[in-house]
Amino acid sequence: SNKKAQMEVSKRVFLVPDQIYNQPEGELSFFQLPHPFANEKVRTYAINKAKVVFELNQLNRYGSCFLGNYVEKNGDLFVLNEIDPLFLVIDTLAKGRGKIGGESNGHFSPLDQLFESSTHKNYFLLLESPRLLRNLGKICDEVKSGPDMMYRLSNEKLNTWLNLKFNKLVKKLREVKEKKNSEAAQSTIGSLQEEELLRQLKLHAFAIMMEYIPKDFLPSFSEHVNVDTTHVEAFGASPNKKKRSLEEEVEDRDKEKAVAPPQKKKTITEKVHKDIKNNSRMTDFFKKR
């Protein structure tokens, strides 16, 4: 029986974008970096042969999954989404420029030197990302020193870039919401309702984006986009809430499953009724976690 237990390998189900699935450049290398918001924690990322960076998120919606003719008892789903690598280097760039204030805006450094000073050597994997190298000028001041390009994080450029990301996200959330609403419901929206809708959309967008912004930059960002952070907790996020790594959540869930008492199996009729009851919430599956 011990031999049989050793042979059992737990599989993981991944939902992946088109640029990974059945593509020659789709082979992935997984790595970890500090959490953009809670730097003391780590998050898992991946990079493919085309040097596109992805983040790994977990959805624990189901008790088991069908894999062909095989049933995997662990029904957790892992989702890979492309991420702008600029989010992953904000904290490193901020530390690399040194102290700022008064007439000092910090000092310039080459990118490899900035990454070398970090305790997480996986940052060097990001040097292979064309998107990162192409867009660093959007959040940094740049000067050339001989053959090398030097960078210094610019608060002004960073806020401008974050604001553009924020406005795009608000627009996308509005499109999703409008798609769910009927035309009749939309036609009844008045000026006050529109104002409240915009406030809710901005709070939702801020709650999503704050997961990717270092804590020290949140106050200036919230002021820049005019969001009152005291209401962000309604969307399951909080600037003061301690973030947990994916590994910690998986470990805790495995412990819960190990000690959970056996549940009574539902009949087919009960399962069908439950599926019908939950059908209206199927779109929740696609929400970002």
# chains A, B, ... in the order shown; residues from 1 in each chain; ligands from 1
>>> residues_around(residues="Lys171 (chain A)", least_positions_apart="3", cutoff="12 Å", atoms="only C-alpha atoms", output="list in words")
Leu164, Lys165, Phe166, Asn167, Lys168, Arg174, Glu175, Val176, Lys177, Glu178, Leu197, Leu198, Leu201, Lys202, His204 and Ala205 of chain A
>>> residues_around(residues="Gln200 (chain A)", least_positions_apart="6", cutoff="12 Å", atoms="only C-alpha atoms", output="list of chain:residue names")
A:Val170, A:Leu173, A:Arg174, A:Lys177, A:Gln193, A:Glu194, A:Phe206, A:Ala207, A:Val227, A:Asp228, A:Thr229, A:His231, A:Val232, A:Glu233, A:Ala234, A:Phe235
>>> write_last_selection(atoms="C-alpha atoms", output="PDB file, in the first residue's frame")
ATOM      1  CA  VAL A 170     -12.359  51.156 -14.898  1.00  0.00           C
ATOM      2  CA  LEU A 173     -15.173  46.902 -15.549  1.00  0.00           C
ATOM      3  CA  ARG A 174     -17.857  49.248 -16.885  1.00  0.00           C
ATOM      4  CA  LYS A 177     -21.178  45.543 -15.940  1.00  0.00           C
ATOM      5  CA  GLN A 193     -26.830  56.802 -10.260  1.00  0.00           C
ATOM      6  CA  GLU A 194     -24.063  57.341 -12.802  1.00  0.00           C
ATOM      7  CA  PHE A 206      -8.397  50.208  -6.981  1.00  0.00           C
ATOM      8  CA  ALA A 207      -8.990  46.989  -5.023  1.00  0.00           C
ATOM      9  CA  VAL A 227     -10.289  57.025  -4.351  1.00  0.00           C
ATOM     10  CA  ASP A 228     -11.170  56.869  -0.665  1.00  0.00           C
ATOM     11  CA  THR A 229      -9.358  53.722   0.525  1.00  0.00           C
ATOM     12  CA  HIS A 231     -14.264  51.828   1.358  1.00  0.00           C
ATOM     13  CA  VAL A 232     -12.003  49.423  -0.545  1.00  0.00           C
ATOM     14  CA  GLU A 233     -12.589  46.543   1.902  1.00  0.00           C
ATOM     15  CA  ALA A 234     -16.065  46.075   0.424  1.00  0.00           C
ATOM     16  CA  PHE A 235     -14.320  44.479  -2.563  1.00  0.00           C
TER      17      PHE A 235
END
>>> residues_around(residues="region 29-40 of chain A", least_positions_apart="5", cutoff="9 Å", atoms="only C-alpha atoms", output="list of chain:residue names")
A:Tyr45, A:Ala46, A:Ile47, A:Asn48, A:Lys49, A:Phe87, A:Leu88, A:Val89, A:Ile90, A:Asp91, A:His120, A:Lys121, A:Asn122, A:Tyr123, A:Leu125, A:Met210, A:Glu211, A:Tyr212, A:Ile213, A:Pro214, A:Lys215, A:Pro239, A:Lys242, A:Lys243, A:Arg244, A:Ser245
>>> atom_distance(atom1="CA of Leu15 (chain A)", atom2="CA of Phe66 (chain A)")
13.9 Å
>>> select_by_dssp(residues="region 62-241 of chain A", states="strand (DSSP E)", output="list of chain:residue names")
A:Cys65, A:Phe66, A:Leu67, A:Tyr70, A:Val71, A:Glu72, A:Leu77, A:Phe78, A:Val79, A:Leu80, A:Asn81, A:Glu82, A:Ser109, A:Pro110, A:Cys140, A:Asp141, A:Glu142, A:Val143, A:Lys144, A:Ser145, A:Asp148, A:Met149, A:Met150, A:Tyr151, A:Arg152, A:Leu153
>>> select_by_dssp(residues="region 84-166 of chain A", states="helix (DSSP H, G or I)", output="VMD selection string")
chain A and resid 86 to 96 111 to 116 121 to 128 130 to 138 155 to 166
>>> closest_residue(among="A:Pro147, A:Leu203, A:Asn181, A:Gly102", to="Ser222 (chain A)", atoms="only C-alpha atoms")
A:Leu203
>>> atom_distance(atom1="CA of Ser129 (chain A)", atom2="CA of Val53 (chain A)")
7.3 Å
>>> atom_distance(atom1="CA of Asn105 (chain A)", atom2="CA of Ser220 (chain A)")
16.4 Å
>>> closest_residue(among="A:Asp76, A:Ser117, A:Asn155, A:Ser109", to="Glu142 (chain A)", atoms="only C-alpha atoms")
A:Ser109
>>> residues_around(residues="Gly106 (chain A)", least_positions_apart="5", cutoff="12 Å", atoms="only C-alpha atoms", output="list in words")
Leu93, Ala94, Lys95, Gly96, Arg97, Gly98, Lys99, Ile100, Gly101, Cys140, Asp141, Tyr151, Arg152, Leu153, Ser154 and Asn155 of chain A
>>> closest_residue(among="A:Leu136, A:Val13, A:Val42, A:Ile208", to="Pro110 (chain A)", atoms="only C-alpha atoms")
A:Leu136
>>> decode(residues="region 114-146 of chain A", atoms="N, CA and C atoms", output="PDB file, in the first residue's frame")
ATOM      1  N   LEU A 114      20.754  46.979 -10.290  1.00  0.00           N
ATOM      2  CA  LEU A 114      19.585  47.064  -9.414  1.00  0.00           C
ATOM      3  C   LEU A 114      19.102  45.674  -9.017  1.00  0.00           C
ATOM      4  N   PHE A 115      19.053  44.766  -9.969  1.00  0.00           N
ATOM      5  CA  PHE A 115      18.601  43.405  -9.694  1.00  0.00           C
ATOM      6  C   PHE A 115      19.620  42.631  -8.861  1.00  0.00           C
ATOM      7  N   GLU A 116      20.905  42.924  -9.078  1.00  0.00           N
ATOM      8  CA  GLU A 116      21.952  42.234  -8.332  1.00  0.00           C
ATOM      9  C   GLU A 116      21.904  42.577  -6.849  1.00  0.00           C
ATOM     10  N   SER A 117      21.440  43.801  -6.542  1.00  0.00           N
ATOM     11  CA  SER A 117      21.375  44.227  -5.148  1.00  0.00           C
ATOM     12  C   SER A 117      20.214  43.577  -4.398  1.00  0.00           C
ATOM     13  N   SER A 118      19.284  42.974  -5.127  1.00  0.00           N
ATOM     14  CA  SER A 118      18.140  42.315  -4.498  1.00  0.00           C
ATOM     15  C   SER A 118      18.538  40.935  -3.990  1.00  0.00           C
ATOM     16  N   THR A 119      17.865  40.508  -2.923  1.00  0.00           N
ATOM     17  CA  THR A 119      18.121  39.160  -2.385  1.00  0.00           C
ATOM     18  C   THR A 119      17.471  38.079  -3.241  1.00  0.00           C
ATOM     19  N   HIS A 120      16.561  38.481  -4.136  1.00  0.00           N
ATOM     20  CA  HIS A 120      15.878  37.523  -5.014  1.00  0.00           C
ATOM     21  C   HIS A 120      16.530  37.570  -6.397  1.00  0.00           C
ATOM     22  N   LYS A 121      17.371  36.601  -6.698  1.00  0.00           N
ATOM     23  CA  LYS A 121      18.114  36.583  -7.956  1.00  0.00           C
ATOM     24  C   LYS A 121      17.223  36.289  -9.161  1.00  0.00           C
ATOM     25  N   ASN A 122      15.986  35.860  -8.915  1.00  0.00           N
ATOM     26  CA  ASN A 122      15.091  35.580 -10.038  1.00  0.00           C
ATOM     27  C   ASN A 122      14.722  36.831 -10.817  1.00  0.00           C
ATOM     28  N   TYR A 123      15.019  38.007 -10.263  1.00  0.00           N
ATOM     29  CA  TYR A 123      14.759  39.241 -11.007  1.00  0.00           C
ATOM     30  C   TYR A 123      15.510  39.247 -12.334  1.00  0.00           C
ATOM     31  N   PHE A 124      16.639  38.543 -12.388  1.00  0.00           N
ATOM     32  CA  PHE A 124      17.418  38.523 -13.625  1.00  0.00           C
ATOM     33  C   PHE A 124      16.652  37.882 -14.776  1.00  0.00           C
ATOM     34  N   LEU A 125      15.658  37.035 -14.452  1.00  0.00           N
ATOM     35  CA  LEU A 125      14.823  36.450 -15.505  1.00  0.00           C
ATOM     36  C   LEU A 125      14.038  37.526 -16.244  1.00  0.00           C
ATOM     37  N   LEU A 126      13.726  38.619 -15.540  1.00  0.00           N
ATOM     38  CA  LEU A 126      12.955  39.698 -16.163  1.00  0.00           C
ATOM     39  C   LEU A 126      13.787  40.489 -17.172  1.00  0.00           C
ATOM     40  N   LEU A 127      15.116  40.379 -17.072  1.00  0.00           N
ATOM     41  CA  LEU A 127      15.971  41.059 -18.050  1.00  0.00           C
ATOM     42  C   LEU A 127      15.767  40.490 -19.458  1.00  0.00           C
ATOM     43  N   GLU A 128      15.176  39.291 -19.532  1.00  0.00           N
ATOM     44  CA  GLU A 128      14.912  38.665 -20.819  1.00  0.00           C
ATOM     45  C   GLU A 128      13.570  39.110 -21.409  1.00  0.00           C
ATOM     46  N   SER A 129      12.808  39.893 -20.654  1.00  0.00           N
ATOM     47  CA  SER A 129      11.475  40.299 -21.109  1.00  0.00           C
ATOM     48  C   SER A 129      11.563  41.546 -22.004  1.00  0.00           C
ATOM     49  N   PRO A 130      11.257  41.404 -23.296  1.00  0.00           N
ATOM     50  CA  PRO A 130      11.272  42.576 -24.182  1.00  0.00           C
ATOM     51  C   PRO A 130      10.284  43.656 -23.727  1.00  0.00           C
ATOM     52  N   ARG A 131       9.158  43.221 -23.170  1.00  0.00           N
ATOM     53  CA  ARG A 131       8.148  44.185 -22.731  1.00  0.00           C
ATOM     54  C   ARG A 131       8.676  45.056 -21.604  1.00  0.00           C
ATOM     55  N   LEU A 132       9.417  44.464 -20.671  1.00  0.00           N
ATOM     56  CA  LEU A 132       9.988  45.234 -19.572  1.00  0.00           C
ATOM     57  C   LEU A 132      11.004  46.244 -20.094  1.00  0.00           C
ATOM     58  N   LEU A 133      11.946  45.789 -20.908  1.00  0.00           N
ATOM     59  CA  LEU A 133      13.004  46.662 -21.401  1.00  0.00           C
ATOM     60  C   LEU A 133      12.444  47.770 -22.293  1.00  0.00           C
ATOM     61  N   ARG A 134      11.391  47.447 -23.027  1.00  0.00           N
ATOM     62  CA  ARG A 134      10.787  48.420 -23.937  1.00  0.00           C
ATOM     63  C   ARG A 134      10.034  49.516 -23.192  1.00  0.00           C
ATOM     64  N   ASN A 135       9.475  49.181 -22.011  1.00  0.00           N
ATOM     65  CA  ASN A 135       8.574  50.121 -21.327  1.00  0.00           C
ATOM     66  C   ASN A 135       9.141  50.750 -20.056  1.00  0.00           C
ATOM     67  N   LEU A 136      10.389  50.462 -19.714  1.00  0.00           N
ATOM     68  CA  LEU A 136      10.957  51.033 -18.494  1.00  0.00           C
ATOM     69  C   LEU A 136      10.907  52.562 -18.494  1.00  0.00           C
ATOM     70  N   GLY A 137      11.031  53.155 -19.672  1.00  0.00           N
ATOM     71  CA  GLY A 137      10.997  54.612 -19.775  1.00  0.00           C
ATOM     72  C   GLY A 137       9.662  55.212 -19.383  1.00  0.00           C
ATOM     73  N   LYS A 138       8.612  54.372 -19.274  1.00  0.00           N
ATOM     74  CA  LYS A 138       7.298  54.882 -18.879  1.00  0.00           C
ATOM     75  C   LYS A 138       7.229  55.200 -17.391  1.00  0.00           C
ATOM     76  N   ILE A 139       8.117  54.578 -16.594  1.00  0.00           N
ATOM     77  CA  ILE A 139       8.099  54.848 -15.152  1.00  0.00           C
ATOM     78  C   ILE A 139       9.459  55.335 -14.639  1.00  0.00           C
ATOM     79  N   CYS A 140      10.437  55.413 -15.523  1.00  0.00           N
ATOM     80  CA  CYS A 140      11.794  55.793 -15.098  1.00  0.00           C
ATOM     81  C   CYS A 140      12.340  56.944 -15.939  1.00  0.00           C
ATOM     82  N   ASP A 141      13.211  57.737 -15.316  1.00  0.00           N
ATOM     83  CA  ASP A 141      14.073  58.645 -16.063  1.00  0.00           C
ATOM     84  C   ASP A 141      15.235  57.809 -16.578  1.00  0.00           C
ATOM     85  N   GLU A 142      15.729  58.128 -17.771  1.00  0.00           N
ATOM     86  CA  GLU A 142      16.779  57.336 -18.388  1.00  0.00           C
ATOM     87  C   GLU A 142      17.937  58.224 -18.849  1.00  0.00           C
ATOM     88  N   VAL A 143      19.140  57.750 -18.650  1.00  0.00           N
ATOM     89  CA  VAL A 143      20.338  58.409 -19.191  1.00  0.00           C
ATOM     90  C   VAL A 143      21.265  57.308 -19.705  1.00  0.00           C
ATOM     91  N   LYS A 144      22.043  57.659 -20.707  1.00  0.00           N
ATOM     92  CA  LYS A 144      22.979  56.681 -21.248  1.00  0.00           C
ATOM     93  C   LYS A 144      24.376  57.003 -20.754  1.00  0.00           C
ATOM     94  N   SER A 145      25.069  55.980 -20.255  1.00  0.00           N
ATOM     95  CA  SER A 145      26.437  56.117 -19.765  1.00  0.00           C
ATOM     96  C   SER A 145      27.299  55.120 -20.517  1.00  0.00           C
ATOM     97  N   GLY A 146      27.964  55.605 -21.559  1.00  0.00           N
ATOM     98  CA  GLY A 146      28.721  54.700 -22.419  1.00  0.00           C
ATOM     99  C   GLY A 146      27.773  53.768 -23.135  1.00  0.00           C
TER     100      GLY A 146
END
